[in-house]
$ cat final-v6.tsv   # TSV, N, CA and C atoms and all ligand atoms
chain	number	residue	atom	x	y	z
A	2	MET	N	14.76	2.40	14.95
A	2	MET	CA	13.57	3.21	15.12
A	2	MET	C	12.70	3.14	13.86
A	3	GLU	N	11.44	3.16	14.06
A	3	GLU	CA	10.53	2.95	12.94
A	3	GLU	C	9.66	4.18	12.71
A	4	HIS	N	9.57	4.56	11.47
A	4	HIS	CA	8.67	5.66	11.14
A	4	HIS	C	7.24	5.13	11.05
A	5	LEU	N	6.36	5.91	11.57
A	5	LEU	CA	4.98	5.49	11.64
A	5	LEU	C	4.07	6.64	11.20
A	6	CYS	N	3.26	6.37	10.22
A	6	CYS	CA	2.30	7.41	9.83
A	6	CYS	C	1.09	7.35	10.75
A	7	PRO	N	0.80	8.43	11.42
A	7	PRO	CA	-0.32	8.42	12.36
A	7	PRO	C	-1.67	8.15	11.68
A	8	LEU	N	-1.78	8.58	10.43
A	8	LEU	CA	-3.06	8.36	9.74
A	8	LEU	C	-3.25	6.90	9.34
A	9	CYS	N	-2.19	6.32	8.79
A	9	CYS	CA	-2.27	4.93	8.38
A	9	CYS	C	-2.54	4.02	9.57
A	10	ASN	N	-2.13	4.47	10.73
A	10	ASN	CA	-2.24	3.64	11.91
A	10	ASN	C	-3.38	4.05	12.84
A	11	GLY	N	-4.18	4.95	12.37
A	11	GLY	CA	-5.36	5.35	13.13
A	11	GLY	C	-5.05	6.04	14.44
A	12	LEU	N	-3.88	6.71	14.48
A	12	LEU	CA	-3.47	7.34	15.73
A	12	LEU	C	-3.85	8.81	15.80
A	13	ASN	N	-4.28	9.32	14.70
A	13	ASN	CA	-4.50	10.76	14.65
A	13	ASN	C	-5.75	11.08	13.84
A	14	ASN	N	-6.58	11.91	14.39
A	14	ASN	CA	-7.74	12.35	13.63
A	14	ASN	C	-7.43	13.63	12.89
A	15	TYR	N	-6.64	13.48	11.86
A	15	TYR	CA	-6.31	14.64	11.04
A	15	TYR	C	-7.55	15.09	10.31
A	16	GLN	N	-7.82	16.37	10.37
A	16	GLN	CA	-8.99	16.86	9.66
A	16	GLN	C	-8.59	17.95	8.69
A	17	ARG	N	-9.17	17.84	7.52
A	17	ARG	CA	-8.88	18.81	6.50
A	17	ARG	C	-10.19	19.26	5.88
A	18	TYR	N	-10.27	20.54	5.60
A	18	TYR	CA	-11.50	21.06	5.03
A	18	TYR	C	-11.26	21.57	3.63
A	19	CYS	N	-12.23	21.32	2.78
A	19	CYS	CA	-12.12	21.68	1.37
A	19	CYS	C	-11.89	23.17	1.19
A	20	SER	N	-10.88	23.48	0.37
A	20	SER	CA	-10.56	24.89	0.16
A	20	SER	C	-11.61	25.58	-0.72
A	21	LYS	N	-12.42	24.78	-1.39
A	21	LYS	CA	-13.42	25.36	-2.29
A	21	LYS	C	-14.78	25.54	-1.62
A	22	CYS	N	-15.18	24.53	-0.85
A	22	CYS	CA	-16.54	24.60	-0.30
A	22	CYS	C	-16.60	24.41	1.21
A	23	GLY	N	-15.48	24.09	1.83
A	23	GLY	CA	-15.45	24.01	3.29
A	23	GLY	C	-15.93	22.70	3.89
A	24	THR	N	-16.30	21.76	3.03
A	24	THR	CA	-16.73	20.46	3.54
A	24	THR	C	-15.55	19.71	4.13
A	25	LYS	N	-15.78	18.94	5.17
A	25	LYS	CA	-14.73	18.11	5.73
A	25	LYS	C	-14.34	17.05	4.71
A	26	MET	N	-13.05	16.98	4.41
A	26	MET	CA	-12.58	16.06	3.38
A	26	MET	C	-12.33	14.67	3.95
A	27	GLU	N	-12.39	13.69	3.06
A	27	GLU	CA	-12.19	12.32	3.50
A	27	GLU	C	-10.83	11.80	3.07
A	28	ASP	N	-10.20	11.09	3.97
A	28	ASP	CA	-8.90	10.49	3.69
A	28	ASP	C	-9.09	9.28	2.78
A	29	GLU	N	-8.47	9.34	1.62
A	29	GLU	CA	-8.59	8.22	0.68
A	29	GLU	C	-7.41	7.27	0.79
A	30	GLY	N	-6.53	7.56	1.71
A	30	GLY	CA	-5.39	6.67	1.90
A	30	GLY	C	-4.14	7.20	1.23
A	31	ARG	N	-3.15	6.38	1.19
A	31	ARG	CA	-1.86	6.80	0.66
A	31	ARG	C	-1.94	7.06	-0.84
A	32	VAL	N	-1.16	8.01	-1.27
A	32	VAL	CA	-1.16	8.39	-2.68
A	32	VAL	C	-0.86	7.19	-3.57
A	33	GLN	N	0.12	6.41	-3.18
A	33	GLN	CA	0.52	5.30	-4.04
A	33	GLN	C	-0.55	4.22	-4.11
A	34	ASP	N	-1.26	4.03	-3.02
A	34	ASP	CA	-2.36	3.06	-3.05
A	34	ASP	C	-3.47	3.57	-3.95
A	35	TYR	N	-3.70	4.85	-3.85
A	35	TYR	CA	-4.74	5.51	-4.63
A	35	TYR	C	-4.46	5.33	-6.12
A	36	TYR	N	-3.21	5.59	-6.46
A	36	TYR	CA	-2.71	5.38	-7.79
A	36	TYR	C	-3.05	4.06	-8.41
A	37	ASP	N	-2.79	3.02	-7.65
A	37	ASP	CA	-2.97	1.68	-8.17
A	37	ASP	C	-4.41	1.47	-8.59
A	38	ASN	N	-5.32	2.11	-7.87
A	38	ASN	CA	-6.73	1.94	-8.16
A	38	ASN	C	-7.24	2.89	-9.23
A	39	TYR	N	-6.61	4.02	-9.33
A	39	TYR	CA	-7.13	5.05	-10.23
A	39	TYR	C	-6.01	5.58	-11.12
A	40	SER	N	-5.49	4.72	-11.93
A	40	SER	CA	-4.36	5.13	-12.75
A	40	SER	C	-4.63	6.31	-13.68
A	41	PRO	N	-5.88	6.58	-14.07
A	41	PRO	CA	-6.09	7.78	-14.90
A	41	PRO	C	-5.60	9.05	-14.22
A	42	TYR	N	-5.50	9.02	-12.92
A	42	TYR	CA	-5.07	10.20	-12.19
A	42	TYR	C	-3.57	10.45	-12.34
A	43	LEU	N	-2.91	9.61	-13.08
A	43	LEU	CA	-1.48	9.79	-13.30
A	43	LEU	C	-1.16	11.13	-13.94
A	44	SER	N	-2.11	11.67	-14.65
A	44	SER	CA	-1.89	12.96	-15.30
A	44	SER	C	-1.83	14.08	-14.27
A	45	TYR	N	-2.04	13.73	-13.08
A	45	TYR	CA	-2.15	14.69	-11.99
A	45	TYR	C	-0.86	15.43	-11.67
A	46	GLY	N	0.26	14.88	-12.10
A	46	GLY	CA	1.51	15.58	-11.83
A	46	GLY	C	2.21	15.04	-10.61
A	47	ILE	N	1.77	13.90	-10.12
A	47	ILE	CA	2.42	13.33	-8.95
A	47	ILE	C	3.15	12.05	-9.32
A	48	THR	N	3.43	11.92	-10.60
A	48	THR	CA	4.09	10.70	-11.05
A	48	THR	C	5.51	10.58	-10.51
A	49	ASP	N	6.06	11.69	-10.08
A	49	ASP	CA	7.39	11.65	-9.50
A	49	ASP	C	7.46	10.69	-8.31
A	50	LEU	N	6.32	10.50	-7.71
A	50	LEU	CA	6.26	9.66	-6.52
A	50	LEU	C	6.57	8.20	-6.82
A	51	ALA	N	6.56	7.86	-8.08
A	51	ALA	CA	6.82	6.47	-8.43
A	51	ALA	C	8.18	6.02	-7.91
A	52	ASP	N	9.06	6.97	-7.74
A	52	ASP	CA	10.38	6.64	-7.24
A	52	ASP	C	10.42	6.49	-5.73
A	53	GLY	N	9.29	6.73	-5.12
A	53	GLY	CA	9.23	6.59	-3.67
A	53	GLY	C	9.11	7.93	-2.99
A	54	GLU	N	8.55	7.92	-1.83
A	54	GLU	CA	8.35	9.14	-1.09
A	54	GLU	C	9.43	9.26	-0.01
A	55	PRO	N	9.64	10.45	0.49
A	55	PRO	CA	10.62	10.61	1.57
A	55	PRO	C	10.26	9.70	2.73
A	56	PRO	N	11.26	9.18	3.42
A	56	PRO	CA	11.02	8.18	4.45
A	56	PRO	C	10.21	8.70	5.64
A	57	ASP	N	10.25	9.99	5.84
A	57	ASP	CA	9.54	10.50	7.01
A	57	ASP	C	8.23	11.18	6.67
A	58	ILE	N	7.82	11.02	5.39
A	58	ILE	CA	6.57	11.64	4.96
A	58	ILE	C	5.66	10.57	4.37
A	59	CYS	N	4.41	10.60	4.74
A	59	CYS	CA	3.42	9.73	4.13
A	59	CYS	C	2.42	10.64	3.43
A	60	GLN	N	2.28	10.45	2.14
A	60	GLN	CA	1.40	11.35	1.41
A	60	GLN	C	0.02	10.73	1.25
A	61	HIS	N	-0.96	11.47	1.68
A	61	HIS	CA	-2.33	11.00	1.61
A	61	HIS	C	-3.14	11.86	0.66
A	62	ILE	N	-4.11	11.23	0.05
A	62	ILE	CA	-5.05	11.97	-0.78
A	62	ILE	C	-6.33	12.19	0.01
A	63	PHE	N	-6.75	13.43	0.03
A	63	PHE	CA	-8.03	13.76	0.64
A	63	PHE	C	-8.96	14.23	-0.47
A	64	THR	N	-10.18	13.75	-0.42
A	64	THR	CA	-11.15	14.20	-1.41
A	64	THR	C	-12.36	14.81	-0.71
A	65	CYS	N	-12.97	15.73	-1.41
A	65	CYS	CA	-14.16	16.38	-0.89
A	65	CYS	C	-15.39	15.66	-1.44
A	66	PRO	N	-16.23	15.16	-0.56
A	66	PRO	CA	-17.41	14.43	-1.02
A	66	PRO	C	-18.44	15.33	-1.69
A	67	THR	N	-18.32	16.61	-1.48
A	67	THR	CA	-19.30	17.54	-2.04
A	67	THR	C	-18.94	17.98	-3.46
A	68	CYS	N	-17.70	18.40	-3.66
A	68	CYS	CA	-17.35	18.96	-4.97
A	68	CYS	C	-16.22	18.20	-5.66
A	69	ASN	N	-15.80	17.07	-5.05
A	69	ASN	CA	-14.77	16.22	-5.66
A	69	ASN	C	-13.41	16.89	-5.80
A	70	ASN	N	-13.21	17.97	-5.11
A	70	ASN	CA	-11.90	18.57	-5.03
A	70	ASN	C	-10.97	17.56	-4.36
A	71	ASP	N	-9.75	17.46	-4.82
A	71	ASP	CA	-8.85	16.61	-4.05
A	71	ASP	C	-7.50	17.26	-3.80
A	72	ASP	N	-6.90	16.80	-2.75
A	72	ASP	CA	-5.71	17.42	-2.21
A	72	ASP	C	-4.72	16.35	-1.79
A	73	ILE	N	-3.46	16.63	-2.00
A	73	ILE	CA	-2.43	15.72	-1.51
A	73	ILE	C	-1.81	16.37	-0.28
A	74	VAL	N	-1.79	15.63	0.79
A	74	VAL	CA	-1.30	16.18	2.06
A	74	VAL	C	-0.10	15.39	2.53
A	75	ASN	N	0.96	16.09	2.86
A	75	ASN	CA	2.14	15.43	3.42
A	75	ASN	C	1.95	15.24	4.92
A	76	ILE	N	1.87	14.01	5.31
A	76	ILE	CA	1.72	13.71	6.73
A	76	ILE	C	3.10	13.34	7.28
A	77	THR	N	3.52	14.05	8.28
A	77	THR	CA	4.81	13.75	8.89
A	77	THR	C	4.70	12.53	9.79
A	78	LYS	N	5.56	11.57	9.51
A	78	LYS	CA	5.54	10.37	10.32
A	78	LYS	C	6.17	10.63	11.68
A	79	THR	N	5.74	9.87	12.64
A	79	THR	CA	6.30	9.99	13.98
A	79	THR	C	7.14	8.76	14.27
A	80	PHE	N	7.92	8.84	15.30
A	80	PHE	CA	8.74	7.70	15.68
A	80	PHE	C	8.00	6.83	16.68
A	81	LYS	N	8.21	5.57	16.55
A	81	LYS	CA	7.55	4.64	17.43
A	81	LYS	C	8.29	4.62	18.76
A	101	ZN	ZN	-0.12	7.29	5.94
A	102	ZN	ZN	-15.49	20.81	-1.75
$ encode --input "final-v6.tsv" --output "structure tokens" --more "lines below"
Ligand SMILES: [Zn+2]
Ligand SMILES: [Zn+2]
Amino acid sequence: MEHLCPLCNGLNNYQRYCSKCGTKMEDEGRVQDYYDNYSPYLSYGITDLADGEPPDICQHIFTCPTCNNDDIVNITKTFK
């Protein structure tokens, strides 16, 4: 059986709203992918993830286009 992240696979329109300003946040993709592109964010406190994420969780970064607030969301993977 294969774990499948609904967001990575476009199966789910997960919507999240900014806790600061209420704007609909944008999915920036998986935390680890985000990392590779924006290593300064390592100070963020999510460096523990370098060891890998739980097999049934896909962590995504959502950012707010209005105020640049960002959030890490644990997306539960589903079974194929
Ligand atoms: Zn994912
Ligand atoms: Zn915001």
$ closest_residue --input "final-v6.tsv" --among "A:Pro56, A:Val32, A:Gly23, A:Val74" --to "A:Leu5" --atoms "only N, CA and C atoms"
A:Pro56
$ residues_near_ligand --input "final-v6.tsv" --ligand "ligand ZN 102 (chain A)" --cutoff "6.5 Å" --atoms "only N, CA and C atoms and all ligand atoms" --output "PyMOL selection string"
chain A and resi 19-24+65-70
$ residues_around --input "final-v6.tsv" --residues "A:Cys59" --least-positions-apart "4" --cutoff "7 Å" --atoms "all atoms listed in the file" --output "number ranges by chain"
A: 6, 31-32, 55, 74-78
$ closest_residue --input "final-v6.tsv" --among "A:His61, A:Asp72, A:Arg17, A:Glu27" --to "ligand ZN 101 (chain A)" --atoms "only N, CA and C atoms and all ligand atoms"
A:His61
$ atom_distance --input "final-v6.tsv" --atom1 "atom C of A:Lys25" --atom2 "atom C of A:Asn10"
18.8 Å
$ closest_residue --input "final-v6.tsv" --among "A:Met26, A:Met2, A:Ile58, A:Ile73" --to "ligand ZN 101 (chain A)" --atoms "only N, CA and C atoms and all ligand atoms"
A:Ile58
$ atom_distance --input "final-v6.tsv" --atom1 "atom CA of A:Phe63" --atom2 "atom CA of A:Glu29"
5.6 Å
$ atom_distance --input "final-v6.tsv" --atom1 "atom N of A:Asp57" --atom2 "atom CA of A:Asp71"
22.5 Å
$ closest_residue --input "final-v6.tsv" --among "A:Thr64, A:Asn13, A:Glu3, A:Gly30" --to "ligand ZN 101 (chain A)" --atoms "only C-alpha atoms and all ligand atoms"
A:Gly30
$ closest_residue --input "final-v6.tsv" --among "A:Leu8, A:Asn14, A:Tyr35, A:Ile62" --to "ligand ZN 101 (chain A)" --atoms "all atoms listed in the file"
A:Leu8
